[in-house]
file run07.cif (mmCIF, C-alpha atoms)
data_run
loop_
_atom_site.group_PDB
_atom_site.id
_atom_site.type_symbol
_atom_site.label_atom_id
_atom_site.label_comp_id
_atom_site.auth_asym_id
_atom_site.auth_seq_id
_atom_site.Cartn_x
_atom_site.Cartn_y
_atom_site.Cartn_z
ATOM 1 C CA MET S 150 92.620 54.541 143.446
ATOM 2 C CA LEU S 151 91.084 57.978 142.875
ATOM 3 C CA GLU S 152 93.780 59.515 145.059
ATOM 4 C CA LEU S 153 96.386 58.866 142.347
ATOM 5 C CA PHE S 154 94.803 61.491 140.090
ATOM 6 C CA ASN S 155 94.914 65.275 140.280
ATOM 7 C CA ASN S 156 91.681 65.423 138.258
ATOM 8 C CA PHE S 157 89.628 63.438 135.778
ATOM 9 C CA ASP S 158 89.127 66.135 133.140
ATOM 10 C CA ALA S 159 91.017 64.064 130.542
ATOM 11 C CA CYS S 160 88.819 60.989 131.047
ATOM 12 C CA LYS S 161 85.717 60.578 128.900
ATOM 13 C CA SER S 162 84.599 58.056 131.495
ATOM 14 C CA HIS S 163 86.093 56.158 134.422
ATOM 15 C CA GLU S 164 85.172 53.594 137.038
ATOM 16 C CA ALA S 165 87.111 52.726 140.180
ATOM 17 C CA ASN S 166 87.178 50.939 143.491
ATOM 18 C CA ARG S 167 89.930 50.695 146.097
ATOM 19 C CA ASP S 168 91.993 48.233 144.000
ATOM 20 C CA CYS S 169 91.560 49.293 140.381
ATOM 21 C CA LEU S 170 90.662 52.130 138.067
ATOM 22 C CA VAL S 171 89.649 51.872 134.419
ATOM 23 C CA ALA S 172 89.766 55.076 132.355
ATOM 24 C CA LEU S 173 88.478 55.907 128.878
ATOM 25 C CA GLY S 174 90.528 58.587 127.157
ATOM 26 C CA ASP S 175 93.681 59.564 125.288
ATOM 27 C CA SER S 176 96.596 57.959 127.116
ATOM 28 C CA ILE S 177 98.968 60.943 127.153
ATOM 29 C CA ASN S 178 96.252 63.313 128.365
ATOM 30 C CA VAL S 179 95.148 60.900 131.101
ATOM 31 C CA LEU S 180 98.772 60.273 132.124
ATOM 32 C CA LYS S 181 99.231 64.026 132.628
ATOM 33 C CA SER S 182 96.492 63.953 135.258
ATOM 34 C CA ILE S 183 98.228 61.249 137.353
ATOM 35 C CA LYS S 184 100.351 62.420 140.263
ATOM 36 C CA SER S 185 104.133 62.226 139.894
ATOM 37 C CA LYS S 186 105.980 59.282 141.470
ATOM 38 C CA SER S 187 102.789 57.385 142.288
ATOM 39 C CA ILE S 188 103.161 54.137 140.254
ATOM 40 C CA ASN S 189 105.289 51.087 141.120
ATOM 41 C CA LEU S 190 105.288 49.258 137.777
ATOM 42 C CA ILE S 191 104.300 50.190 134.225
ATOM 43 C CA PHE S 192 103.689 47.888 131.281
ATOM 44 C CA ALA S 193 103.088 49.734 128.003
ATOM 45 C CA ASP S 194 102.060 48.032 124.766
ATOM 46 C CA PRO S 195 101.202 50.936 122.435
ATOM 47 C CA PRO S 196 100.106 50.861 118.802
ATOM 48 C CA TYR S 197 103.065 49.830 116.642
ATOM 49 C CA ASN S 198 102.528 52.132 113.637
ATOM 50 C CA ILE S 199 102.047 49.134 111.329
ATOM 51 C CA GLY S 200 98.429 49.659 110.264
ATOM 52 C CA LYS S 201 96.517 47.482 112.721
ATOM 53 C CA ASP S 202 92.804 48.271 112.872
ATOM 54 C CA PHE S 203 91.755 48.941 116.462
ATOM 55 C CA GLY S 204 88.155 49.735 115.558
ATOM 56 C CA ASN S 205 88.040 53.496 115.998
ATOM 57 C CA ASN S 206 91.407 54.505 114.582
ATOM 58 C CA MET S 207 94.059 53.061 112.309
ATOM 59 C CA ASP S 208 97.472 52.374 113.782
ATOM 60 C CA LYS S 209 99.347 54.559 111.316
ATOM 61 C CA TRP S 210 101.241 57.839 111.699
ATOM 62 C CA ASP S 211 102.209 60.261 108.917
ATOM 63 C CA SER S 212 105.886 59.444 109.309
ATOM 64 C CA THR S 213 108.339 57.472 111.386
ATOM 65 C CA GLU S 214 109.478 60.724 112.968
ATOM 66 C CA SER S 215 105.984 61.643 114.149
ATOM 67 C CA TYR S 216 105.426 58.169 115.574
ATOM 68 C CA LEU S 217 108.728 58.215 117.474
ATOM 69 C CA LYS S 218 108.007 61.705 118.810
ATOM 70 C CA TRP S 219 104.636 60.471 120.088
ATOM 71 C CA CYS S 220 106.319 57.471 121.732
ATOM 72 C CA GLU S 221 108.872 59.686 123.448
ATOM 73 C CA GLN S 222 106.003 61.784 124.842
ATOM 74 C CA TRP S 223 104.233 58.870 126.511
ATOM 75 C CA ILE S 224 107.501 57.304 127.677
ATOM 76 C CA ASP S 225 108.458 60.544 129.417
ATOM 77 C CA GLU S 226 105.007 60.910 130.985
ATOM 78 C CA CYS S 227 105.172 57.318 132.217
ATOM 79 C CA MET S 228 108.577 57.889 133.746
ATOM 80 C CA ARG S 229 107.260 61.017 135.471
ATOM 81 C CA VAL S 230 104.501 59.077 137.253
ATOM 82 C CA LEU S 231 106.821 56.136 138.042
ATOM 83 C CA LYS S 232 108.221 55.992 141.553
ATOM 84 C CA ASP S 233 111.973 56.411 141.980
ATOM 85 C CA ASP S 234 112.316 52.682 142.731
ATOM 86 C CA GLY S 235 109.797 51.632 140.071
ATOM 87 C CA THR S 236 110.239 49.762 136.806
ATOM 88 C CA MET S 237 108.782 50.167 133.343
ATOM 89 C CA TYR S 238 108.484 47.605 130.545
ATOM 90 C CA PHE S 239 107.416 48.735 127.092
ATOM 91 C CA MET S 240 107.012 47.256 123.637
ATOM 92 C CA THR S 241 106.924 48.424 120.033
ATOM 93 C CA ALA S 242 107.622 47.027 116.580
ATOM 94 C CA THR S 243 111.112 45.661 115.947
ATOM 95 C CA GLN S 244 111.882 48.407 113.399
ATOM 96 C CA PHE S 245 111.244 51.168 115.965
ATOM 97 C CA MET S 246 112.619 49.736 119.193
ATOM 98 C CA SER S 247 116.221 50.676 118.450
ATOM 99 C CA PHE S 248 115.273 54.361 118.230
ATOM 100 C CA LEU S 249 113.357 54.224 121.519
ATOM 101 C CA ASP S 250 116.189 52.259 123.128
ATOM 102 C CA VAL S 251 118.480 55.213 122.367
ATOM 103 C CA HIS S 252 115.966 57.645 123.891
ATOM 104 C CA ALA S 253 115.590 55.518 127.029
ATOM 105 C CA SER S 254 119.356 55.002 127.329
ATOM 106 C CA LYS S 255 120.043 58.745 127.164
ATOM 107 C CA LYS S 256 117.386 59.840 129.660
ATOM 108 C CA TYR S 257 116.918 56.815 131.902
ATOM 109 C CA ASN S 258 118.536 53.414 132.519
ATOM 110 C CA VAL S 259 118.048 50.222 130.515
ATOM 111 C CA LEU S 260 117.914 47.176 132.789
ATOM 112 C CA SER S 261 117.231 44.482 130.194
ATOM 113 C CA ARG S 262 116.453 43.984 126.528
ATOM 114 C CA ILE S 263 113.937 41.152 126.267
ATOM 115 C CA ILE S 264 112.755 39.115 123.295
ATOM 116 C CA TRP S 265 109.258 37.657 123.359
ATOM 117 C CA SER S 266 109.555 34.703 120.988
ATOM 118 C CA TYR S 267 106.641 32.754 119.527
ATOM 119 C CA ASP S 268 105.864 30.364 116.722
ATOM 120 C CA SER S 269 103.465 31.208 113.924
ATOM 121 C CA SER S 270 101.047 28.915 112.154
ATOM 122 C CA GLY S 271 100.398 31.550 109.504
ATOM 123 C CA VAL S 272 101.836 31.713 105.994
ATOM 124 C CA GLN S 273 105.397 33.017 106.057
ATOM 125 C CA SER S 274 107.064 35.204 103.452
ATOM 126 C CA LYS S 275 109.083 33.432 100.753
ATOM 127 C CA LYS S 276 111.175 36.550 100.126
ATOM 128 C CA MET S 277 112.589 37.106 103.631
ATOM 129 C CA TYR S 278 112.761 35.627 107.107
ATOM 130 C CA GLY S 279 109.467 35.802 108.973
ATOM 131 C CA SER S 280 109.155 37.908 112.103
ATOM 132 C CA LEU S 281 108.596 35.620 115.080
ATOM 133 C CA TYR S 282 109.417 37.871 118.016
ATOM 134 C CA GLU S 283 108.623 41.209 119.618
ATOM 135 C CA PRO S 284 111.067 43.296 121.683
ATOM 136 C CA ILE S 285 110.446 44.447 125.243
ATOM 137 C CA LEU S 286 112.579 47.078 126.951
ATOM 138 C CA MET S 287 112.872 47.035 130.756
ATOM 139 C CA ILE S 288 113.975 50.388 132.196
ATOM 140 C CA ASN S 289 114.151 52.370 135.425
ATOM 141 C CA LYS S 290 114.976 55.964 136.285
ATOM 142 C CA SER S 291 118.750 55.758 136.706
ATOM 143 C CA LYS S 292 121.663 53.422 137.338
ATOM 144 C CA ASN S 293 121.577 54.424 140.983
ATOM 145 C CA SER S 294 117.869 53.719 141.433
ATOM 146 C CA ASP S 295 116.686 50.745 143.452
ATOM 147 C CA TYR S 296 114.153 48.447 141.811
ATOM 148 C CA THR S 297 112.174 45.315 142.606
ATOM 149 C CA PHE S 298 113.216 41.982 141.136
ATOM 150 C CA ASN S 299 111.623 38.965 142.813
ATOM 151 C CA TYR S 300 113.671 36.319 141.051
ATOM 152 C CA GLU S 301 112.436 33.510 143.310
ATOM 153 C CA ASP S 302 108.869 34.101 142.077
ATOM 154 C CA ILE S 303 109.691 33.519 138.405
ATOM 155 C CA LEU S 304 112.056 30.532 138.421
ATOM 156 C CA VAL S 305 111.821 28.156 135.459
ATOM 157 C CA GLU S 306 113.064 24.638 134.819
ATOM 158 C CA ALA S 307 116.814 24.328 134.228
ATOM 159 C CA LYS S 308 116.885 21.623 131.586
ATOM 160 C CA THR S 309 120.660 21.229 131.734
ATOM 161 C CA GLY S 310 120.745 20.944 135.516
ATOM 162 C CA ALA S 311 119.427 18.377 137.961
ATOM 163 C CA VAL S 312 116.740 17.254 135.503
ATOM 164 C CA ARG S 313 119.525 15.546 133.527
ATOM 165 C CA GLY S 314 121.340 14.364 136.636
ATOM 166 C CA LEU S 315 124.410 16.523 136.043
ATOM 167 C CA ILE S 316 126.896 17.051 138.862
ATOM 168 C CA ASP S 317 128.640 20.345 139.547
ATOM 169 C CA TYR S 318 132.200 19.303 140.422
ATOM 170 C CA ARG S 319 133.239 22.908 141.038
ATOM 171 C CA LYS S 320 131.538 22.724 144.425
ATOM 172 C CA ASP S 321 133.050 21.056 147.456
ATOM 173 C CA PRO S 322 131.639 18.552 147.921
ATOM 174 C CA PRO S 323 130.253 18.032 144.371
ATOM 175 C CA GLN S 324 126.460 18.256 144.179
ATOM 176 C CA PRO S 325 123.696 18.164 141.567
ATOM 177 C CA TYR S 326 122.974 21.274 139.560
ATOM 178 C CA ASN S 327 119.885 23.239 140.491
ATOM 179 C CA ASN S 328 116.783 22.174 138.603
ATOM 180 C CA GLN S 329 115.469 25.742 138.519
ATOM 181 C CA LYS S 330 116.926 29.007 137.258
ATOM 182 C CA VAL S 331 116.053 32.641 136.648
ATOM 183 C CA PRO S 332 114.712 33.095 133.086
ATOM 184 C CA GLY S 333 116.981 34.617 130.494
ATOM 185 C CA ASN S 334 115.960 37.487 128.247
ATOM 186 C CA VAL S 335 114.371 35.297 125.552
ATOM 187 C CA TRP S 336 110.835 34.383 126.581
ATOM 188 C CA ASP S 337 108.837 31.684 124.819
ATOM 189 C CA PHE S 338 105.116 32.267 125.280
ATOM 190 C CA SER S 339 102.458 31.319 122.749
ATOM 191 C CA ARG S 340 100.461 34.119 121.213
ATOM 192 C CA VAL S 341 96.828 34.348 122.260
ATOM 193 C CA ARG S 342 94.716 32.300 119.838
ATOM 194 C CA PHE S 343 90.993 32.477 119.177
ATOM 195 C CA ARG S 344 90.251 29.120 120.770
ATOM 196 C CA MET S 345 92.080 29.955 124.006
ATOM 197 C CA ASP S 346 89.937 30.769 127.055
ATOM 198 C CA GLU S 347 91.766 34.041 127.649
ATOM 199 C CA TYR S 348 91.070 35.351 124.130
ATOM 200 C CA GLU S 349 89.390 38.763 123.922
ATOM 201 C CA ASN S 350 88.283 40.743 120.882
ATOM 202 C CA HIS S 351 91.519 42.651 120.430
ATOM 203 C CA PRO S 352 93.991 42.408 117.517
ATOM 204 C CA THR S 353 97.206 42.526 119.585
ATOM 205 C CA GLN S 354 96.329 40.809 122.866
ATOM 206 C CA LYS S 355 99.323 39.763 124.966
ATOM 207 C CA PRO S 356 99.326 36.423 126.853
ATOM 208 C CA GLU S 357 98.545 36.307 130.546
ATOM 209 C CA LEU S 358 101.717 34.294 131.228
ATOM 210 C CA LEU S 359 103.880 37.108 129.854
ATOM 211 C CA LEU S 360 102.228 39.683 132.120
ATOM 212 C CA GLU S 361 102.330 37.283 135.056
ATOM 213 C CA ARG S 362 106.125 37.040 134.807
ATOM 214 C CA ILE S 363 106.551 40.806 134.581
ATOM 215 C CA ILE S 364 104.210 41.567 137.467
ATOM 216 C CA LYS S 365 105.600 38.872 139.764
ATOM 217 C CA ALA S 366 109.195 39.878 139.072
ATOM 218 C CA SER S 367 108.899 43.653 139.274
ATOM 219 C CA SER S 368 106.214 44.361 141.873
ATOM 220 C CA ASN S 369 104.943 43.248 145.259
ATOM 221 C CA LYS S 370 101.448 42.670 146.584
ATOM 222 C CA GLY S 371 99.654 45.955 147.111
ATOM 223 C CA ASP S 372 101.766 47.796 144.520
ATOM 224 C CA VAL S 373 100.112 49.884 141.802
ATOM 225 C CA ILE S 374 100.481 48.664 138.199
ATOM 226 C CA LEU S 375 99.765 51.013 135.283
ATOM 227 C CA ASP S 376 98.978 50.063 131.685
ATOM 228 C CA PRO S 377 98.466 53.212 129.560
ATOM 229 C CA PHE S 378 97.386 51.233 126.450
ATOM 230 C CA SER S 379 95.282 48.571 128.103
ATOM 231 C CA GLY S 380 93.507 47.113 125.051
ATOM 232 C CA SER S 381 92.235 43.749 126.265
ATOM 233 C CA PHE S 382 93.054 44.775 129.874
ATOM 234 C CA THR S 383 95.143 41.667 130.456
ATOM 235 C CA THR S 384 97.549 43.653 132.631
ATOM 236 C CA SER S 385 94.738 44.769 134.936
ATOM 237 C CA ALA S 386 93.172 41.301 135.117
ATOM 238 C CA VAL S 387 96.468 39.567 135.961
ATOM 239 C CA ALA S 388 97.532 42.268 138.419
ATOM 240 C CA LEU S 389 94.312 41.878 140.389
ATOM 241 C CA LYS S 390 94.682 38.082 140.480
ATOM 242 C CA LEU S 391 98.169 38.547 141.930
ATOM 243 C CA GLY S 392 97.046 40.902 144.692
ATOM 244 C CA ARG S 393 98.213 44.137 143.103
ATOM 245 C CA LYS S 394 96.323 47.378 142.421
ATOM 246 C CA THR S 395 95.910 48.580 138.869
ATOM 247 C CA VAL S 396 95.207 51.539 136.601
ATOM 248 C CA GLY S 397 94.210 50.816 132.992
ATOM 249 C CA ILE S 398 93.684 53.384 130.225
ATOM 250 C CA ASP S 399 92.334 52.975 126.707
ATOM 251 C CA LEU S 400 90.933 55.208 123.971
ATOM 252 C CA ASN S 401 88.494 52.701 122.473
ATOM 253 C CA PRO S 402 85.026 52.473 124.118
ATOM 254 C CA GLU S 403 84.747 48.756 123.230
ATOM 255 C CA PHE S 404 88.027 47.973 124.960
ATOM 256 C CA TYR S 405 86.974 50.153 127.894
ATOM 257 C CA GLU S 406 83.968 47.859 128.317
ATOM 258 C CA ILE S 407 86.292 44.828 128.286
ATOM 259 C CA GLY S 408 88.245 46.508 131.073
ATOM 260 C CA LEU S 409 85.142 47.105 133.159
ATOM 261 C CA ARG S 410 84.210 43.427 132.825
ATOM 262 C CA ARG S 411 87.650 41.886 133.343
ATOM 263 C CA THR S 412 88.325 43.952 136.466
ATOM 264 C CA GLY S 413 84.870 43.222 137.877
ATOM 265 C CA LEU S 414 83.998 46.918 138.096
ATOM 266 C CA ARG S 415 80.817 46.548 136.060
ATOM 267 C CA GLN S 416 78.517 43.743 134.929
ATOM 268 C CA GLU S 417 76.592 46.139 132.689
ATOM 269 C CA TYR S 418 77.274 49.491 131.088
ATOM 270 C CA ASN S 419 74.957 51.952 129.354
ATOM 271 C CA GLY S 420 72.138 49.457 129.722
ATOM 272 C CA LYS S 421 74.140 46.652 128.068
ATOM 273 C CA SER S 422 75.207 43.436 129.761
ATOM 274 C CA LEU S 423 78.998 43.068 129.636
ATOM 275 C CA THR S 424 78.978 39.421 128.608
ATOM 276 C CA LYS S 425 82.149 38.123 127.001
ATOM 277 C CA ILE S 426 81.614 37.633 123.266
ATOM 278 C CA LYS S 427 84.402 36.103 121.168
ATOM 279 C CA GLU S 428 84.522 37.276 117.562
ATOM 280 C CA ARG S 429 86.799 36.842 114.604
ATOM 281 C CA LYS S 430 86.725 37.150 110.844
ATOM 282 C CA THR S 431 88.693 34.962 108.472
ATOM 283 C CA THR S 432 89.023 34.604 104.727
ATOM 284 C CA ASN S 433 91.177 31.495 104.969
ATOM 285 C CA ARG S 434 89.694 29.131 102.380
ATOM 286 C CA SER S 435 91.270 26.117 104.040
ATOM 287 C CA LYS S 436 88.824 26.499 106.895
ATOM 288 C CA HIS S 437 85.476 24.758 106.927
ATOM 289 C CA SER S 438 82.782 26.735 105.167
ATOM 290 C CA ASN S 439 81.025 27.641 108.405
ATOM 291 C CA GLU S 440 84.253 29.289 109.603
ATOM 292 C CA HIS S 441 84.348 31.738 106.691
ATOM 293 C CA ASN S 442 81.890 34.015 108.472
ATOM 294 C CA LEU S 443 81.918 35.882 111.743
ATOM 295 C CA PHE S 444 82.345 33.716 114.827
ATOM 296 C CA ARG S 445 80.354 34.672 117.904
ATOM 297 C CA ILE S 446 80.751 32.561 121.024
ATOM 298 C CA ALA S 447 79.280 33.748 124.288
ATOM 299 C CA ALA S 448 81.382 32.798 127.297
#

call {"tool": "encode", "arguments": {"input": "run07.cif", "output": "structure tokens"}}
result
Amino acid sequence: MLELFNNFDACKSHEANRDCLVALGDSINVLKSIKSKSINLIFADPPYNIGKDFGNNMDKWDSTESYLKWCEQWIDECMRVLKDDGTMYFMTATQFMSFLDVHASKKYNVLSRIIWSYDSSGVQSKKMYGSLYEPILMINKSKNSDYTFNYEDILVEAKTGAVRGLIDYRKDPPQPYNNQKVPGNVWDFSRVRFRMDEYENHPTQKPELLLERIIKASSNKGDVILDPFSGSFTTSAVALKLGRKTVGIDLNPEFYEIGLRRTGLRQEYNGKSLTKIKERKTTNRSKHSNEHNLFRIAA
């Protein structure tokens, strides 16, 4: 994986083997050191500019304009390193996606506008409708560019088809509807909860099933998958399970350690064992008293 980089000057630290590379550093600076047209698939889940605490920096820019300018910078760097037949998926908050959709539509090609829908057990606002989805934009370099879409690998149950015994009389002879179909652009995946096995200590972790669909659909075995804001390094972990190669970047040293562990690159780092520790804090008074404090569960 080292061959993908011109240099490692932008990395505060990095570890690699032939199938994966985990880098610690500022995403845009590290992206600039990656060779052009070297990545098959990119999934980007950046900070949303909504004030989330990622441990070493607050997710908040001085203005909407400065946040959008920053997003356009990393989008353009990602598209530079993407192969001509590659695909990129990226996320942001609902209030900013429309601006970035315009940017992507002007410079590149929008393939699909996806909604990741989920339920929420939390308290909802009584003054407005609660937000229960996050947008995902799927883009490639141009309308004339080829791209991978392995629809047969992501089929889902067609509830209105053969499962209900319906017959398609438009066909000659008539025959049952298919019981599988290609997913639409509204995806229902549960958010990652504390009690789930896949949970990591990250405030915006995305579910493995969501990444599994993206990686299966838009890449093939042996392809290189890039996540420039790796966080919990779910993209890297799922990509490796599916026989892909992966590059993960993050600015936070704690998340970097998660990446080293989840990719199997390191079992210890700086003299510390990289054992999975699940933590959370809650002030929810409806919880039992022993849940008011910090949870620590070694896995």

call {"tool": "resolve_selection", "arguments": {"input": "run07.cif", "expression": "the PyMOL selection byres ((chain S and resi 398-406) around 7)", "output": "PyMOL selection string"}}
result
chain S and resi 171-176+205+376-381+396-397+407-410

call {"tool": "write_last_selection", "arguments": {"input": "run07.cif", "atoms": "C-alpha atoms", "output": "mmCIF file, in the coordinates of the input"}}
result
data_model
loop_
_atom_site.group_PDB
_atom_site.id
_atom_site.type_symbol
_atom_site.label_atom_id
_atom_site.label_comp_id
_atom_site.auth_asym_id
_atom_site.auth_seq_id
_atom_site.Cartn_x
_atom_site.Cartn_y
_atom_site.Cartn_z
ATOM 1 C CA VAL S 171 89.649 51.872 134.419
ATOM 2 C CA ALA S 172 89.766 55.076 132.355
ATOM 3 C CA LEU S 173 88.478 55.907 128.878
ATOM 4 C CA GLY S 174 90.528 58.587 127.157
ATOM 5 C CA ASP S 175 93.681 59.564 125.288
ATOM 6 C CA SER S 176 96.596 57.959 127.116
ATOM 7 C CA ASN S 205 88.040 53.496 115.998
ATOM 8 C CA ASP S 376 98.978 50.063 131.685
ATOM 9 C CA PRO S 377 98.466 53.212 129.560
ATOM 10 C CA PHE S 378 97.386 51.233 126.450
ATOM 11 C CA SER S 379 95.282 48.571 128.103
ATOM 12 C CA GLY S 380 93.507 47.113 125.051
ATOM 13 C CA SER S 381 92.235 43.749 126.265
ATOM 14 C CA VAL S 396 95.207 51.539 136.601
ATOM 15 C CA GLY S 397 94.210 50.816 132.992
ATOM 16 C CA ILE S 407 86.292 44.828 128.286
ATOM 17 C CA GLY S 408 88.245 46.508 131.073
ATOM 18 C CA LEU S 409 85.142 47.105 133.159
ATOM 19 C CA ARG S 410 84.210 43.427 132.825
#

call {"tool": "atom_distance", "arguments": {"input": "run07.cif", "atom1": "CA of His351 in chain S", "atom2": "CA of Ser261 in chain S"}}
result
27.6 Å

call {"tool": "atom_distance", "arguments": {"input": "run07.cif", "atom1": "CA of Ala193 in chain S", "atom2": "CA of Lys218 in chain S"}}
result
15.9 Å

call {"tool": "atom_distance", "arguments": {"input": "run07.cif", "atom1": "CA of Asp302 in chain S", "atom2": "CA of Lys370 in chain S"}}
result
12.2 Å

call {"tool": "resolve_selection", "arguments": {"input": "run07.cif", "expression": "the PyMOL selection byres ((chain S and resi 356) around 8)", "output": "ChimeraX atom specification"}}
result
/S:338-341,347,354-355,357-360,383

call {"tool": "closest_residue", "arguments": {"input": "run07.cif", "among": "S:Leu151, S:Trp210, S:Ile191, S:Phe157", "to": "Cys169 in chain S", "atoms": "all atoms listed in the file"}}
result
S:Leu151

call {"tool": "residues_around", "arguments": {"input": "run07.cif", "residues": "Thr243 in chain S", "least_positions_apart": "4", "cutoff": "12 Å", "atoms": "all atoms listed in the file", "output": "list in words"}}
result
Tyr197, Asn198, Ile199, Ser247, Phe248, Leu249, Asp250, Arg262, Ile263, Ile264, Trp265, Ser280, Leu281, Tyr282, Glu283, Pro284, Ile285 and Leu286 of chain S

call {"tool": "resolve_selection", "arguments": {"input": "run07.cif", "expression": "the PyMOL selection byres ((chain S and resi 295-299) around 7)", "output": "list in words"}}
result
Asp234, Gly235, Thr236, Asn293, Ser294, Tyr300, Glu301, Asp302, Lys365, Ala366, Ser367 and Ser368 of chain S

call {"tool": "closest_residue", "arguments": {"input": "run07.cif", "among": "S:Phe343, S:Tyr216, S:Tyr318, S:Phe154", "to": "Lys186 in chain S", "atoms": "all atoms listed in the file"}}
result
S:Phe154

call {"tool": "residues_around", "arguments": {"input": "run07.cif", "residues": "Gly314 in chain S", "least_positions_apart": "4", "cutoff": "12 Å", "atoms": "all atoms listed in the file", "output": "PyMOL selection string"}}
result
chain S and resi 307-310+324-328

call {"tool": "closest_residue", "arguments": {"input": "run07.cif", "among": "S:Pro332, S:Met287, S:His163, S:Phe245", "to": "Glu214 in chain S", "atoms": "all atoms listed in the file"}}
result
S:Phe245

call {"tool": "closest_residue", "arguments": {"input": "run07.cif", "among": "S:Ile224, S:Met150, S:Lys275, S:Trp336", "to": "Glu164 in chain S", "atoms": "only C-alpha atoms"}}
result
S:Met150

call {"tool": "decode", "arguments": {"input": "run07.cif", "residues": "range 413-429 of chain S", "atoms": "N, CA and C atoms", "output": "compact mmCIF listing (two decimals), in the first residue's frame"}}
result
# COMPACT_ATOMS: atom_id res chain seq x y z
N GLY S 413 -5.93 -4.94 12.23
CA GLY S 413 -4.98 -5.99 12.59
C GLY S 413 -3.53 -5.60 12.38
N LEU S 414 -3.27 -4.31 12.16
CA LEU S 414 -1.89 -3.87 11.94
C LEU S 414 -1.06 -3.90 13.22
N ARG S 415 -1.71 -3.63 14.34
CA ARG S 415 -1.00 -3.59 15.62
C ARG S 415 -1.86 -4.17 16.72
N GLN S 416 -1.23 -4.89 17.64
CA GLN S 416 -1.89 -5.35 18.86
C GLN S 416 -1.52 -4.46 20.04
N GLU S 417 -0.43 -3.69 19.87
CA GLU S 417 -0.03 -2.72 20.88
C GLU S 417 0.60 -1.52 20.19
N TYR S 418 0.61 -0.39 20.88
CA TYR S 418 1.11 0.84 20.29
C TYR S 418 1.63 1.73 21.40
N ASN S 419 2.83 2.24 21.24
CA ASN S 419 3.48 3.06 22.27
C ASN S 419 3.44 2.40 23.64
N GLY S 420 3.68 1.08 23.64
CA GLY S 420 3.73 0.35 24.89
C GLY S 420 2.38 0.03 25.50
N LYS S 421 1.29 0.34 24.79
CA LYS S 421 -0.06 0.12 25.30
C LYS S 421 -0.75 -0.96 24.49
N SER S 422 -1.40 -1.90 25.19
CA SER S 422 -2.16 -2.93 24.51
C SER S 422 -3.41 -2.32 23.89
N LEU S 423 -3.67 -2.63 22.62
CA LEU S 423 -4.82 -2.07 21.92
C LEU S 423 -6.05 -2.95 22.11
N THR S 424 -6.46 -3.09 23.35
CA THR S 424 -7.66 -3.85 23.70
C THR S 424 -8.88 -2.97 23.49
N LYS S 425 -9.93 -3.55 22.95
CA LYS S 425 -11.16 -2.77 22.75
C LYS S 425 -11.80 -2.45 24.08
N ILE S 426 -12.02 -1.18 24.34
CA ILE S 426 -12.69 -0.70 25.55
C ILE S 426 -13.91 0.11 25.12
N LYS S 427 -15.08 -0.28 25.57
CA LYS S 427 -16.31 0.45 25.25
C LYS S 427 -16.62 1.43 26.37
N GLU S 428 -16.83 2.69 25.99
CA GLU S 428 -17.10 3.74 26.97
C GLU S 428 -18.30 4.57 26.53
N ARG S 429 -19.03 5.06 27.51
CA ARG S 429 -20.03 6.08 27.22
C ARG S 429 -20.33 6.85 28.49
